[in-house]
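Down below is the structure, laid out as C-alpha cells.
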Amino acid sequence: MPLNIWSVQLLCPHEEADNELYRGVLTRAGMHQKTRLVLDIDCFYNMATEYLRCSKCGKKMVAWAHNIVSQLDRDRQLLFPAILTARYSCDKKVVGLLRQRGLGNSSSMVRRQLEESHGDTYLRNVHHYLSACRTFKTAGSVGLVSASSIEEPPSLTPVPRHRWLMKVYQLDVVSVLTMLRPPSHHCLGM
C-alpha cells in the first residue's frame with residue numbers, strides 16, 4: 001500500500017506522455033476486494049493491496065502491479081515481500097531456497113521440503129483447533145455456552161508444482177537484474 005503507508009507520489013503508468021509533468025498522479029481509491037494467496041516456507045498467507053486512481057484518465061489499478069511497484073525507490077521495492085504470478089504468489093523466503101539449488105538440490109527437492117514444512121504447520125494448527133473444540137464442547141456440556149456444531153478443519157492447501165517454482169525463480173532473476181541496472185543518465189541530470 002504505497003500511498004496509504006508511505007504517501008509516495010506515483011504517476012499513471014497508462015499515459016503515454018514522455019514528460020512526467022503531463023502524466024496523471026495516482027490517488028487512493030479504497031481497498032482492493034481480493035487478496036492474493038502467497039506461498040511461504042511453512043504456510044500460505046493472504047496479501048491485500050489498495051486501489052489507485054489516475055487523476056487525469058480516471059483508470060483504476062492495483063498497487064501491487066509491477067508498473068506501480070517499479071516506481072518505488074529500490075529500498076521500498078526490496079520491502080515488497082512476494083513475487084506475483086497469475087495464480088499464486090511466492091514469498092521471497094521461498095525464492096531464497098530456490099537460489100540455493102545446486103547439485104542434488106532441485107526445485108523438486110525444494111517442493112518436497114515445502115510440503116513437509118507445510119504439513120508440520122498444518123498438523124500443529126489442526127491439533128490446536130481440535131483442542132479448542134474440545135474445550136468449547138466441555139463448556140457447552142456444563143451449560144457455560146450454547147453448544148453449536150463444530151466444523152471440520154479446512155484441508156491442507158497443496159504446494160504448487162516444481163515447474164511453477166522454477167518460473168518464480170526465473171522471475172526473481174529477471175527482477176534482480178532489472179534492479180541492478182544503473183539508473184539512466186537523464187534521471188541523474190547528466
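In the C-alpha cells, the first chain shown is A, the next is B, and so on; residue numbers restart at 1 for each chain, and ligands run from 1 in the order shown.
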Can you pull out every residue within 12 Å of Ser117 (chain A), counting only C-alpha atoms, but drop anything in the same chain fewer than 5 positions away, and send it as a PDB file with all heavy atoms, in the first residue's frame?
ATOM      1  N   LEU A  39       2.550 -18.206  -1.198  1.00  0.00           N
ATOM      2  CA  LEU A  39       3.253 -19.376  -0.697  1.00  0.00           C
ATOM      3  C   LEU A  39       4.422 -18.923   0.162  1.00  0.00           C
ATOM      4  O   LEU A  39       5.287 -18.185  -0.295  1.00  0.00           O
ATOM      5  CB  LEU A  39       3.765 -20.224  -1.868  1.00  0.00           C
ATOM      6  CG  LEU A  39       4.694 -21.386  -1.539  1.00  0.00           C
ATOM      7  CD1 LEU A  39       3.919 -22.494  -0.817  1.00  0.00           C
ATOM      8  CD2 LEU A  39       5.353 -21.920  -2.794  1.00  0.00           C
ATOM      9  N   ASP A  40       4.432 -19.354   1.426  1.00  0.00           N
ATOM     10  CA  ASP A  40       5.552 -19.074   2.325  1.00  0.00           C
ATOM     11  C   ASP A  40       6.237 -20.396   2.637  1.00  0.00           C
ATOM     12  O   ASP A  40       5.800 -21.458   2.195  1.00  0.00           O
ATOM     13  CB  ASP A  40       5.037 -18.393   3.601  1.00  0.00           C
ATOM     14  CG  ASP A  40       6.117 -17.603   4.321  1.00  0.00           C
ATOM     15  OD1 ASP A  40       7.302 -17.707   3.944  1.00  0.00           O
ATOM     16  OD2 ASP A  40       5.787 -16.891   5.272  1.00  0.00           O
ATOM     17  N   ILE A  41       7.276 -20.362   3.430  1.00  0.00           N
ATOM     18  CA  ILE A  41       8.053 -21.564   3.720  1.00  0.00           C
ATOM     19  C   ILE A  41       7.227 -22.628   4.444  1.00  0.00           C
ATOM     20  O   ILE A  41       7.325 -23.806   4.138  1.00  0.00           O
ATOM     21  CB  ILE A  41       9.317 -21.200   4.513  1.00  0.00           C
ATOM     22  CG1 ILE A  41      10.290 -20.452   3.595  1.00  0.00           C
ATOM     23  CG2 ILE A  41       9.985 -22.429   5.108  1.00  0.00           C
ATOM     24  CD1 ILE A  41      11.550 -19.980   4.248  1.00  0.00           C
ATOM     25  N   ASP A  42       6.364 -22.212   5.387  1.00  0.00           N
ATOM     26  CA  ASP A  42       5.639 -23.216   6.165  1.00  0.00           C
ATOM     27  C   ASP A  42       4.114 -23.085   6.094  1.00  0.00           C
ATOM     28  O   ASP A  42       3.407 -23.812   6.789  1.00  0.00           O
ATOM     29  CB  ASP A  42       6.089 -23.193   7.622  1.00  0.00           C
ATOM     30  CG  ASP A  42       5.809 -21.872   8.299  1.00  0.00           C
ATOM     31  OD1 ASP A  42       5.453 -20.901   7.616  1.00  0.00           O
ATOM     32  OD2 ASP A  42       5.958 -21.809   9.535  1.00  0.00           O
ATOM     33  N   CYS A  43       3.622 -22.164   5.296  1.00  0.00           N
ATOM     34  CA  CYS A  43       2.179 -21.966   5.186  1.00  0.00           C
ATOM     35  C   CYS A  43       1.882 -21.070   3.985  1.00  0.00           C
ATOM     36  O   CYS A  43       2.785 -20.662   3.273  1.00  0.00           O
ATOM     37  CB  CYS A  43       1.620 -21.323   6.462  1.00  0.00           C
ATOM     38  SG  CYS A  43       2.274 -19.662   6.770  1.00  0.00           S
ATOM     39  N   PHE A  44       0.615 -20.788   3.796  1.00  0.00           N
ATOM     40  CA  PHE A  44       0.184 -19.763   2.851  1.00  0.00           C
ATOM     41  C   PHE A  44      -0.315 -18.581   3.672  1.00  0.00           C
ATOM     42  O   PHE A  44      -0.815 -18.765   4.777  1.00  0.00           O
ATOM     43  CB  PHE A  44      -0.972 -20.260   1.976  1.00  0.00           C
ATOM     44  CG  PHE A  44      -0.553 -21.184   0.869  1.00  0.00           C
ATOM     45  CD1 PHE A  44      -0.524 -22.556   1.078  1.00  0.00           C
ATOM     46  CD2 PHE A  44      -0.209 -20.693  -0.374  1.00  0.00           C
ATOM     47  CE1 PHE A  44      -0.158 -23.419   0.064  1.00  0.00           C
ATOM     48  CE2 PHE A  44       0.159 -21.547  -1.397  1.00  0.00           C
ATOM     49  CZ  PHE A  44       0.191 -22.916  -1.172  1.00  0.00           C
ATOM     50  N   VAL A  94      10.962 -18.197   0.087  1.00  0.00           N
ATOM     51  CA  VAL A  94      10.948 -19.422  -0.710  1.00  0.00           C
ATOM     52  C   VAL A  94      11.910 -19.271  -1.879  1.00  0.00           C
ATOM     53  O   VAL A  94      12.640 -20.202  -2.221  1.00  0.00           O
ATOM     54  CB  VAL A  94       9.519 -19.743  -1.207  1.00  0.00           C
ATOM     55  CG1 VAL A  94       9.518 -20.930  -2.156  1.00  0.00           C
ATOM     56  CG2 VAL A  94       8.595 -20.005  -0.023  1.00  0.00           C
ATOM     57  N   VAL A 110      13.140 -28.830  -3.299  1.00  0.00           N
ATOM     58  CA  VAL A 110      12.632 -27.665  -2.566  1.00  0.00           C
ATOM     59  C   VAL A 110      11.135 -27.822  -2.344  1.00  0.00           C
ATOM     60  O   VAL A 110      10.630 -27.547  -1.248  1.00  0.00           O
ATOM     61  CB  VAL A 110      12.965 -26.349  -3.315  1.00  0.00           C
ATOM     62  CG1 VAL A 110      12.237 -25.167  -2.698  1.00  0.00           C
ATOM     63  CG2 VAL A 110      14.464 -26.105  -3.335  1.00  0.00           C
ATOM     64  N   ARG A 111      10.432 -28.313  -3.344  1.00  0.00           N
ATOM     65  CA  ARG A 111       8.985 -28.528  -3.204  1.00  0.00           C
ATOM     66  C   ARG A 111       8.696 -29.551  -2.107  1.00  0.00           C
ATOM     67  O   ARG A 111       7.790 -29.363  -1.294  1.00  0.00           O
ATOM     68  CB  ARG A 111       8.381 -28.990  -4.527  1.00  0.00           C
ATOM     69  CG  ARG A 111       6.867 -29.164  -4.448  1.00  0.00           C
ATOM     70  CD  ARG A 111       6.276 -29.548  -5.806  1.00  0.00           C
ATOM     71  NE  ARG A 111       4.836 -29.564  -5.728  1.00  0.00           N
ATOM     72  CZ  ARG A 111       4.113 -30.668  -5.512  1.00  0.00           C
ATOM     73  NH1 ARG A 111       4.709 -31.834  -5.346  1.00  0.00           N
ATOM     74  NH2 ARG A 111       2.794 -30.601  -5.450  1.00  0.00           N
ATOM     75  N   ARG A 112       9.458 -30.636  -2.073  1.00  0.00           N
ATOM     76  CA  ARG A 112       9.267 -31.644  -1.022  1.00  0.00           C
ATOM     77  C   ARG A 112       9.528 -31.048   0.364  1.00  0.00           C
ATOM     78  O   ARG A 112       8.804 -31.342   1.321  1.00  0.00           O
ATOM     79  CB  ARG A 112      10.154 -32.864  -1.271  1.00  0.00           C
ATOM     80  CG  ARG A 112       9.631 -33.767  -2.379  1.00  0.00           C
ATOM     81  CD  ARG A 112      10.360 -35.088  -2.447  1.00  0.00           C
ATOM     82  NE  ARG A 112      11.782 -34.946  -2.757  1.00  0.00           N
ATOM     83  CZ  ARG A 112      12.287 -34.891  -3.982  1.00  0.00           C
ATOM     84  NH1 ARG A 112      11.494 -34.965  -5.031  1.00  0.00           N
ATOM     85  NH2 ARG A 112      13.583 -34.773  -4.169  1.00  0.00           N
ATOM     86  N   TYR A 122       0.451 -27.464   9.387  1.00  0.00           N
ATOM     87  CA  TYR A 122      -0.962 -27.844   9.300  1.00  0.00           C
ATOM     88  C   TYR A 122      -1.358 -28.741  10.476  1.00  0.00           C
ATOM     89  O   TYR A 122      -2.388 -28.522  11.120  1.00  0.00           O
ATOM     90  CB  TYR A 122      -1.232 -28.539   7.963  1.00  0.00           C
ATOM     91  CG  TYR A 122      -2.631 -29.072   7.824  1.00  0.00           C
ATOM     92  CD1 TYR A 122      -3.694 -28.215   7.555  1.00  0.00           C
ATOM     93  CD2 TYR A 122      -2.904 -30.427   7.972  1.00  0.00           C
ATOM     94  CE1 TYR A 122      -4.993 -28.701   7.428  1.00  0.00           C
ATOM     95  CE2 TYR A 122      -4.194 -30.916   7.849  1.00  0.00           C
ATOM     96  CZ  TYR A 122      -5.232 -30.044   7.575  1.00  0.00           C
ATOM     97  OH  TYR A 122      -6.508 -30.529   7.459  1.00  0.00           O
ATOM     98  N   LEU A 123      -0.539 -29.732  10.761  1.00  0.00           N
ATOM     99  CA  LEU A 123      -0.855 -30.652  11.862  1.00  0.00           C
ATOM    100  C   LEU A 123      -0.883 -29.923  13.208  1.00  0.00           C
ATOM    101  O   LEU A 123      -1.761 -30.182  14.035  1.00  0.00           O
ATOM    102  CB  LEU A 123       0.142 -31.807  11.897  1.00  0.00           C
ATOM    103  CG  LEU A 123       0.009 -32.810  10.747  1.00  0.00           C
ATOM    104  CD1 LEU A 123       1.113 -33.865  10.828  1.00  0.00           C
ATOM    105  CD2 LEU A 123      -1.365 -33.458  10.741  1.00  0.00           C
ATOM    106  N   ARG A 124       0.046 -29.009  13.435  1.00  0.00           N
ATOM    107  CA  ARG A 124       0.033 -28.209  14.674  1.00  0.00           C
ATOM    108  C   ARG A 124      -1.249 -27.381  14.755  1.00  0.00           C
ATOM    109  O   ARG A 124      -1.884 -27.300  15.812  1.00  0.00           O
ATOM    110  CB  ARG A 124       1.258 -27.297  14.741  1.00  0.00           C
ATOM    111  CG  ARG A 124       2.498 -27.960  15.247  1.00  0.00           C
ATOM    112  CD  ARG A 124       3.595 -26.961  15.590  1.00  0.00           C
ATOM    113  NE  ARG A 124       3.909 -26.015  14.537  1.00  0.00           N
ATOM    114  CZ  ARG A 124       4.760 -26.250  13.534  1.00  0.00           C
ATOM    115  NH1 ARG A 124       5.367 -27.406  13.449  1.00  0.00           N
ATOM    116  NH2 ARG A 124       4.981 -25.334  12.624  1.00  0.00           N
ATOM    117  N   LEU A 156      -5.554 -29.209   3.873  1.00  0.00           N
ATOM    118  CA  LEU A 156      -4.234 -28.642   3.595  1.00  0.00           C
ATOM    119  C   LEU A 156      -4.189 -28.150   2.149  1.00  0.00           C
ATOM    120  O   LEU A 156      -4.529 -28.889   1.222  1.00  0.00           O
ATOM    121  CB  LEU A 156      -3.163 -29.707   3.834  1.00  0.00           C
ATOM    122  CG  LEU A 156      -1.721 -29.350   3.525  1.00  0.00           C
ATOM    123  CD1 LEU A 156      -1.241 -28.226   4.450  1.00  0.00           C
ATOM    124  CD2 LEU A 156      -0.827 -30.566   3.685  1.00  0.00           C
ATOM    125  N   PRO A 158      -2.491 -27.518  -1.219  1.00  0.00           N
ATOM    126  CA  PRO A 158      -1.302 -28.143  -1.824  1.00  0.00           C
ATOM    127  C   PRO A 158      -0.260 -27.104  -2.256  1.00  0.00           C
ATOM    128  O   PRO A 158      -0.595 -25.995  -2.664  1.00  0.00           O
ATOM    129  CB  PRO A 158      -1.858 -28.895  -3.028  1.00  0.00           C
ATOM    130  CG  PRO A 158      -3.167 -28.258  -3.322  1.00  0.00           C
ATOM    131  CD  PRO A 158      -3.683 -27.683  -2.047  1.00  0.00           C
ATOM    132  N   VAL A 159       0.992 -27.491  -2.153  1.00  0.00           N
ATOM    133  CA  VAL A 159       2.102 -26.658  -2.617  1.00  0.00           C
ATOM    134  C   VAL A 159       2.130 -26.727  -4.144  1.00  0.00           C
ATOM    135  O   VAL A 159       1.957 -27.806  -4.715  1.00  0.00           O
ATOM    136  CB  VAL A 159       3.439 -27.169  -2.021  1.00  0.00           C
ATOM    137  CG1 VAL A 159       4.629 -26.439  -2.598  1.00  0.00           C
ATOM    138  CG2 VAL A 159       3.413 -27.042  -0.501  1.00  0.00           C
TER     139      VAL A 159
END
Which residues in chain A does DSSP call helix (DSSP H, G or I)? List them as number ranges by chain.
A: 2-6, 20-22, 66-69, 74-79, 92-99, 107-141, 162-180, 185-188
Just the residues within 7 Å of region 162-170 of chain A, please, counting only C-alpha atoms, with nothing from its chain fewer than 2 positions along; format it as an MDAnalysis selection string.
chainID A and resid 83 95 98 107:108 111 160 172:174
Counting only C-alpha atoms, which residues of region 56-145 of chain A sit at most 9 Å from some atom of region 5-11 of chain A, and what is each one's closest atom pair with its distance in Å to one decimal, listed by chain and rising residue number, as a Markdown table?
| residue | atom | partner | partner_atom | distance |
| --- | --- | --- | --- | --- |
| A:Ile68 | CA | A:Leu10 | CA | 7.3 |
| A:Gln71 | CA | A:Leu10 | CA | 6.8 |
| A:Leu72 | CA | A:Val8 | CA | 8.0 |
Kindly save the residues from that selection, with all heavy atoms included, as an mmCIF file, in the first residue's frame.
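Contents of part07.cif, freshly written:
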data_model
loop_
_atom_site.group_PDB
_atom_site.id
_atom_site.type_symbol
_atom_site.label_atom_id
_atom_site.label_comp_id
_atom_site.auth_asym_id
_atom_site.auth_seq_id
_atom_site.Cartn_x
_atom_site.Cartn_y
_atom_site.Cartn_z
ATOM 1 N N ILE A 68 3.559 -0.266 -10.969
ATOM 2 C CA ILE A 68 3.430 0.619 -9.808
ATOM 3 C C ILE A 68 4.604 0.398 -8.871
ATOM 4 O O ILE A 68 5.288 1.346 -8.470
ATOM 5 C CB ILE A 68 2.102 0.367 -9.056
ATOM 6 C CG1 ILE A 68 0.902 0.536 -9.974
ATOM 7 C CG2 ILE A 68 2.002 1.243 -7.818
ATOM 8 C CD1 ILE A 68 0.705 1.915 -10.531
ATOM 9 N N GLN A 71 7.960 1.956 -9.639
ATOM 10 C CA GLN A 71 8.150 3.400 -9.435
ATOM 11 C C GLN A 71 8.710 3.720 -8.049
ATOM 12 O O GLN A 71 9.174 4.836 -7.814
ATOM 13 C CB GLN A 71 6.822 4.141 -9.614
ATOM 14 C CG GLN A 71 6.301 4.145 -11.027
ATOM 15 C CD GLN A 71 5.047 4.986 -11.141
ATOM 16 O OE1 GLN A 71 4.977 6.112 -10.653
ATOM 17 N NE2 GLN A 71 4.032 4.432 -11.789
ATOM 18 N N LEU A 72 8.658 2.761 -7.141
ATOM 19 C CA LEU A 72 9.178 2.995 -5.794
ATOM 20 C C LEU A 72 10.699 3.012 -5.823
ATOM 21 O O LEU A 72 11.321 2.426 -6.713
ATOM 22 C CB LEU A 72 8.699 1.892 -4.850
ATOM 23 C CG LEU A 72 7.192 1.744 -4.683
ATOM 24 C CD1 LEU A 72 6.884 0.497 -3.874
ATOM 25 C CD2 LEU A 72 6.604 2.974 -4.015
#
According to DSSP computed on the backbone, where in region 31-172 of chain A is there strand (DSSP E or B)? Give the residues as a short mmCIF file (atom, residue, chain, number, x, y, z; two decimals) with all heavy atoms, in the first residue's frame.
data_model
loop_
_atom_site.label_atom_id
_atom_site.label_comp_id
_atom_site.auth_asym_id
_atom_site.auth_seq_id
_atom_site.Cartn_x
_atom_site.Cartn_y
_atom_site.Cartn_z
N MET A 31 -9.71 -0.03 -0.85
CA MET A 31 -9.05 -1.32 -0.79
C MET A 31 -9.51 -2.21 -1.94
O MET A 31 -10.67 -2.20 -2.32
CB MET A 31 -9.37 -2.02 0.54
CG MET A 31 -8.77 -1.35 1.75
SD MET A 31 -6.97 -1.34 1.74
CE MET A 31 -6.62 -3.07 1.82
N ARG A 36 -4.33 -11.83 -2.36
CA ARG A 36 -3.50 -12.81 -3.08
C ARG A 36 -3.05 -13.87 -2.10
O ARG A 36 -2.61 -13.56 -0.99
CB ARG A 36 -2.27 -12.14 -3.68
CG ARG A 36 -2.53 -11.14 -4.79
CD ARG A 36 -3.09 -11.76 -6.06
NE ARG A 36 -2.27 -12.77 -6.64
CZ ARG A 36 -1.47 -12.58 -7.70
NH1 ARG A 36 -1.39 -11.40 -8.26
NH2 ARG A 36 -0.77 -13.57 -8.19
N LEU A 37 -3.12 -15.13 -2.50
CA LEU A 37 -2.62 -16.23 -1.71
C LEU A 37 -1.12 -16.35 -1.99
O LEU A 37 -0.71 -16.49 -3.14
CB LEU A 37 -3.35 -17.53 -2.10
CG LEU A 37 -3.11 -18.73 -1.23
CD1 LEU A 37 -3.60 -18.48 0.20
CD2 LEU A 37 -3.82 -19.95 -1.81
N VAL A 38 -0.31 -16.25 -0.93
CA VAL A 38 1.14 -16.24 -1.08
C VAL A 38 1.73 -17.49 -0.44
O VAL A 38 1.46 -17.79 0.73
CB VAL A 38 1.75 -14.97 -0.43
CG1 VAL A 38 3.26 -14.93 -0.63
CG2 VAL A 38 1.11 -13.71 -1.00
N LEU A 39 2.55 -18.21 -1.20
CA LEU A 39 3.25 -19.38 -0.70
C LEU A 39 4.42 -18.92 0.16
O LEU A 39 5.29 -18.18 -0.30
CB LEU A 39 3.77 -20.22 -1.87
CG LEU A 39 4.69 -21.39 -1.54
CD1 LEU A 39 3.92 -22.49 -0.82
CD2 LEU A 39 5.35 -21.92 -2.79
N PHE A 44 0.61 -20.79 3.80
CA PHE A 44 0.18 -19.76 2.85
C PHE A 44 -0.32 -18.58 3.67
O PHE A 44 -0.81 -18.76 4.78
CB PHE A 44 -0.97 -20.26 1.98
CG PHE A 44 -0.55 -21.18 0.87
CD1 PHE A 44 -0.52 -22.56 1.08
CD2 PHE A 44 -0.21 -20.69 -0.37
CE1 PHE A 44 -0.16 -23.42 0.06
CE2 PHE A 44 0.16 -21.55 -1.40
CZ PHE A 44 0.19 -22.92 -1.17
N TYR A 45 -0.18 -17.37 3.17
CA TYR A 45 -0.80 -16.21 3.80
C TYR A 45 -1.47 -15.38 2.73
O TYR A 45 -1.21 -15.56 1.53
CB TYR A 45 0.20 -15.39 4.63
CG TYR A 45 1.34 -14.75 3.86
CD1 TYR A 45 1.20 -13.50 3.26
CD2 TYR A 45 2.58 -15.37 3.77
CE1 TYR A 45 2.25 -12.89 2.58
CE2 TYR A 45 3.63 -14.76 3.11
CZ TYR A 45 3.47 -13.53 2.52
OH TYR A 45 4.51 -12.94 1.85
N ASN A 46 -2.35 -14.49 3.15
CA ASN A 46 -3.07 -13.62 2.22
C ASN A 46 -2.45 -12.23 2.25
O ASN A 46 -2.14 -11.71 3.32
CB ASN A 46 -4.55 -13.53 2.59
CG ASN A 46 -5.26 -14.82 2.27
OD1 ASN A 46 -5.33 -15.22 1.12
ND2 ASN A 46 -5.77 -15.49 3.28
N MET A 47 -2.31 -11.64 1.08
CA MET A 47 -1.75 -10.30 0.94
C MET A 47 -2.82 -9.39 0.34
O MET A 47 -3.45 -9.74 -0.65
CB MET A 47 -0.51 -10.34 0.04
CG MET A 47 0.17 -8.99 -0.10
SD MET A 47 1.77 -9.08 -0.96
CE MET A 47 1.29 -9.72 -2.55
N GLU A 50 -4.17 -1.87 -2.11
CA GLU A 50 -5.12 -0.78 -2.31
C GLU A 50 -5.33 -0.53 -3.80
O GLU A 50 -4.49 -0.88 -4.62
CB GLU A 50 -4.63 0.50 -1.62
CG GLU A 50 -3.32 1.05 -2.16
CD GLU A 50 -2.78 2.23 -1.37
OE1 GLU A 50 -3.57 3.00 -0.81
OE2 GLU A 50 -1.55 2.37 -1.31
N TYR A 51 -6.48 0.07 -4.13
CA TYR A 51 -6.73 0.57 -5.47
C TYR A 51 -6.15 1.97 -5.60
O TYR A 51 -6.18 2.76 -4.64
CB TYR A 51 -8.24 0.70 -5.73
CG TYR A 51 -8.88 -0.47 -6.41
CD1 TYR A 51 -10.01 -1.08 -5.87
CD2 TYR A 51 -8.38 -0.97 -7.62
CE1 TYR A 51 -10.63 -2.14 -6.50
CE2 TYR A 51 -8.99 -2.03 -8.25
CZ TYR A 51 -10.11 -2.62 -7.69
OH TYR A 51 -10.72 -3.66 -8.32
N LEU A 52 -5.65 2.28 -6.78
CA LEU A 52 -5.15 3.62 -7.09
C LEU A 52 -5.92 4.11 -8.31
O LEU A 52 -6.27 3.33 -9.20
CB LEU A 52 -3.65 3.58 -7.38
CG LEU A 52 -2.77 2.94 -6.29
CD1 LEU A 52 -1.34 2.84 -6.77
CD2 LEU A 52 -2.87 3.73 -5.01
N ARG A 53 -6.17 5.44 -8.37
CA ARG A 53 -6.90 6.03 -9.49
C ARG A 53 -6.08 7.18 -10.07
O ARG A 53 -5.53 8.00 -9.33
CB ARG A 53 -8.26 6.54 -9.04
CG ARG A 53 -9.09 7.13 -10.18
CD ARG A 53 -10.39 7.75 -9.71
NE ARG A 53 -10.95 7.04 -8.57
CZ ARG A 53 -12.00 6.22 -8.61
NH1 ARG A 53 -12.64 6.04 -9.72
NH2 ARG A 53 -12.45 5.63 -7.54
N CYS A 54 -6.03 7.25 -11.39
CA CYS A 54 -5.31 8.33 -12.07
C CYS A 54 -6.14 9.61 -12.02
O CYS A 54 -7.34 9.59 -12.31
CB CYS A 54 -5.01 7.94 -13.51
SG CYS A 54 -4.22 9.27 -14.45
N LYS A 60 -8.45 2.88 -12.85
CA LYS A 60 -8.10 2.30 -11.55
C LYS A 60 -7.13 1.16 -11.77
O LYS A 60 -7.22 0.44 -12.76
CB LYS A 60 -9.35 1.79 -10.83
CG LYS A 60 -10.20 2.91 -10.25
CD LYS A 60 -11.49 2.40 -9.66
CE LYS A 60 -11.29 1.66 -8.37
NZ LYS A 60 -12.56 1.30 -7.70
N MET A 61 -6.21 1.00 -10.84
CA MET A 61 -5.24 -0.10 -10.90
C MET A 61 -4.90 -0.54 -9.49
O MET A 61 -5.15 0.19 -8.53
CB MET A 61 -4.00 0.32 -11.67
CG MET A 61 -3.28 1.53 -11.10
SD MET A 61 -2.54 2.58 -12.34
CE MET A 61 -3.93 3.39 -13.05
N VAL A 62 -4.36 -1.73 -9.36
CA VAL A 62 -3.98 -2.24 -8.05
C VAL A 62 -2.52 -1.89 -7.77
O VAL A 62 -1.68 -1.88 -8.66
CB VAL A 62 -4.22 -3.76 -7.92
CG1 VAL A 62 -5.69 -4.09 -7.91
CG2 VAL A 62 -3.51 -4.52 -9.01
N ALA A 82 6.82 -10.42 -1.96
CA ALA A 82 6.48 -11.57 -2.79
C ALA A 82 6.72 -11.32 -4.26
O ALA A 82 6.80 -10.17 -4.71
CB ALA A 82 5.01 -11.94 -2.57
N ILE A 83 6.79 -12.41 -5.01
CA ILE A 83 6.80 -12.38 -6.46
C ILE A 83 5.43 -12.88 -6.90
O ILE A 83 4.99 -13.95 -6.47
CB ILE A 83 7.93 -13.26 -7.03
CG1 ILE A 83 9.28 -12.66 -6.62
CG2 ILE A 83 7.82 -13.40 -8.53
CD1 ILE A 83 10.47 -13.48 -7.01
N LEU A 84 4.75 -12.09 -7.72
CA LEU A 84 3.38 -12.41 -8.11
C LEU A 84 3.36 -13.14 -9.45
O LEU A 84 4.08 -12.77 -10.38
CB LEU A 84 2.56 -11.13 -8.22
CG LEU A 84 2.58 -10.19 -7.02
CD1 LEU A 84 1.72 -8.98 -7.28
CD2 LEU A 84 2.12 -10.91 -5.77
N SER A 89 1.17 -16.51 -5.53
CA SER A 89 2.29 -15.60 -5.33
C SER A 89 3.27 -16.34 -4.44
O SER A 89 2.90 -17.25 -3.71
CB SER A 89 1.83 -14.31 -4.67
OG SER A 89 0.86 -13.69 -5.48
N CYS A 90 4.53 -15.92 -4.48
CA CYS A 90 5.57 -16.63 -3.75
C CYS A 90 6.37 -15.67 -2.90
O CYS A 90 6.88 -14.67 -3.40
CB CYS A 90 6.48 -17.35 -4.75
SG CYS A 90 7.67 -18.45 -3.99
N ASP A 91 6.47 -15.96 -1.61
CA ASP A 91 7.25 -15.15 -0.70
C ASP A 91 8.73 -15.26 -1.08
O ASP A 91 9.19 -16.31 -1.53
CB ASP A 91 7.04 -15.63 0.75
CG ASP A 91 7.60 -14.65 1.75
OD1 ASP A 91 8.83 -14.63 1.95
OD2 ASP A 91 6.80 -13.87 2.33
N GLY A 102 21.48 -26.53 -6.15
CA GLY A 102 22.76 -26.94 -6.72
C GLY A 102 22.68 -28.41 -7.07
O GLY A 102 21.60 -28.97 -7.22
N ASN A 105 20.07 -30.67 -5.39
CA ASN A 105 19.08 -29.83 -4.69
C ASN A 105 18.21 -29.17 -5.75
O ASN A 105 18.34 -27.98 -6.02
CB ASN A 105 19.79 -28.79 -3.82
CG ASN A 105 18.83 -28.04 -2.93
OD1 ASN A 105 17.68 -28.42 -2.77
ND2 ASN A 105 19.29 -26.94 -2.38
#
For a test of reading the model, state the distance in Å between CA of His66 (chain A) and CA of Gln100 (chain A), rounded to one decimal.
25.4 Å
Atomic separation - CA of Ser106 (chain A) relative to CA of His118 (chain A), Å
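We find that CA of His118 (chain A) and CA of Ser106 (chain A) lie 18.4 Å from each other.
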When you count only C-alpha atoms, which of these residues is closest to Ser70 (chain A): A:Glu116, A:Pro13, A:Pro153, A:Ser141?
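When distances to Ser70 (chain A) are compared using only C-alpha atoms, the smallest one comes from A:Pro13.
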Just the residues within 10 Å of Ser149 (chain A), please, counting only C-alpha atoms, with nothing from its chain fewer than 2 positions along; format it as a PyMOL selection string.
chain A and resi 133+137+147+151-152
Distance of CA of Ala63 (chain A) from CA of Arg76 (chain A), expressed in Å to one decimal place:
13.1 Å
